[in-house]
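A.B. asks: Dropping the structure in here first, questions after.
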Amino acid sequence: MTSKITTNITVDDAYEAVAPDDFGAMMEVDRYGKRSTAFDKIISATHDHFWDPQDTKYIDFSQPFDMENEYLVDPDLFADLKTAVGDKLDEKQKIKLVNLDTQWSLSSILHGEAGALALSASLCHILKDPGAQEYAANQTREEARHVAGFSNYIKARWGKPVAVGPALGDILTDIVNSPLVWKKIVGMQMLVEGLAMGAFATFYKSGRDPLMVHLMQLTMTDEAFHHKFGKIWADRTIPKLAPEQRDAIEDWAWEVFQVLLFNLGSPEQKKHIYEAVGLDWEWVQGAFMEAMTDANIRDEMQESTNIFRVLIKTLLKAGIITDRTSMNYAAFIDMKELYGEGDRMVGDDIAEEGIKYLMKLNGQEGGAYSLDKMTAAE
């Protein structure tokens, strides 16, 4: 996917960037003293949500689960079973289908975390502001533990992940390799992280494997802060953009949203899952297309944890959806209702509870914890 904007947009000094190979700019003596305070609260809160996926004190990946006879996740979540597909399978096959589909979803999350790790590291090479650079370094560390955590879980349940789907793989490659700060932040901190927060909240609320549920909450204690970093950029950047710049970002976001909506979980990308239960993927795709009308998609998006509802809200609250494109999204969701909701995201309450748990586990003072307070830009 291409964008009309091929240069960096810098309307706030905190996001000033240089070329990835321009290390000379990082040694400019005046740079060291020009540190934004915008990210100080997020940086100082890093120790509040520390956890180690390799330490059983935090999470024990040896916990068993009956993969053959138990659903990892509530089967009502799976659109396939609401189509003619469900009529062709017995209970054991349905369990197998749902659990393999969960492997696909968690593998996609793992690939996304690997992308977030690489992207955060790449920001360290191009952001000149020492505060923004330190935030990116912190996020790199946190994304690395997510890669470890999801790798450990997938190994415990299936042995190894499945390959990334073409749609997600292309988007991740585009934003990780881009030299443009705005594309990295909109693409990863908003689009991909927004999608992920919806997915984590869904698995947390509907998961039947206690180990999975615990992993989701631990991950969300970090991701809630990553999402806020993107919001700070949007608040400081979007209102100050020239109309043609803002429009180009809005159009690019809509293009990516469409790719994700119609391709992220398409049967063509999951052929091996259907083969495992004796179904032809093309037949499944026909059944899926017949059942998944715009009206049905709209109905699915009424659920607060629906990944695309969370993604739309992320873009809307960031000012990346305006009257220009609002009608595009309105085909799937009530935009007025979404606009009227507060800024808190679906996973914030889950993350706050997780942070209180981690603070107690790490021997820190517990009590009330407010993400909004700890992530507010100064």
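Ordering of the structure tokens sets the chain letters (A, B, ...), residue numbers begin anew at 1 in every chain, and ligands are numbered from 1 in the order given.
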Report as a list of chain:residue names all protein, DNA and RNA residues lying within 8 Å of Leu264 of chain A, evaluated on only C-alpha atoms, omitting residues in the same chain fewer than 6 positions from it.

C.D. replies: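 Surrounding residues, per the criterion: A:Gly165, A:Ala167, A:Leu168.
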
A.B. asks: Could you produce a table of the residues of segment 179-239 of chain A lying within 9 Å of segment 116-122 of chain A, with the nearest pair of atoms per residue and their separation in Å rounded to one decimal, using only C-alpha atoms, ordered by chain and increasing residue number, as a Markdown table?

C.D. replies:
```
| residue | atom | partner | partner_atom | distance |
| --- | --- | --- | --- | --- |
| A:Pro179 | CA | A:Ser122 | CA | 8.8 |
| A:Lys184 | CA | A:Leu119 | CA | 7.2 |
| A:Met188 | CA | A:Ala116 | CA | 6.7 |
| A:Gln189 | CA | A:Ala116 | CA | 8.4 |
| A:Val192 | CA | A:Ala116 | CA | 8.7 |
| A:Glu193 | CA | A:Ala116 | CA | 8.7 |
```

A.B. asks: Which of these residues is nearest to His214 of chain A, using only C-alpha atoms: A:Asp174, A:Phe23, A:Thr83, A:Tyr153?

C.D. replies: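 Selected residue with least distance to His214 of chain A: A:Tyr153.
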
A.B. asks: In terms of the shortest atom-to-atom distance over only C-alpha atoms, which of A:Ala330, A:Ala318, A:Ala148, A:Ala287 is closest to Gln54 of chain A?

C.D. replies: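 Checking each of A:Ala330, A:Ala318, A:Ala148, A:Ala287 against Gln54 of chain A, counting only C-alpha atoms, the winner is A:Ala148.
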
A.B. asks: What is the atom CA of Glu142 of chain A-atom CA of Leu123 of chain A distance in Å, reported with one decimal?

C.D. replies: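 Between atom CA of Glu142 of chain A and atom CA of Leu123 of chain A the gap is 14.4 Å.
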
A.B. asks: I want to know what sits within 9 Å of Lys94 of chain A, based on only C-alpha atoms, with residues of the same chain fewer than 6 positions away left out; could you give that as a list of chain:residue names?

C.D. replies: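 In the requested form, the answer reads A:Tyr71, A:Pro75, A:Leu81, A:Gly86, A:Val277.
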
A.B. asks: Would you mind writing down, as a ChimeraX atom specification, each residue of segment 306-337 of chain A that DSSP on the backbone assigns to helix (DSSP H, G or I)?

C.D. replies: /A:307-317,326-330,335-337

A.B. asks: Excluding segment 180-183 of chain A and any residue of its chain fewer than 6 positions from it, enumerate the residues within 12 Å of it, using only C-alpha atoms, and give them as a PyMOL selection string.

C.D. replies: chain A and resi 1-12+14-20+119-120+122-128+132+136+171-174+189-192+230+233-234+236-238+241+245-246+248-250+252-253+256+320
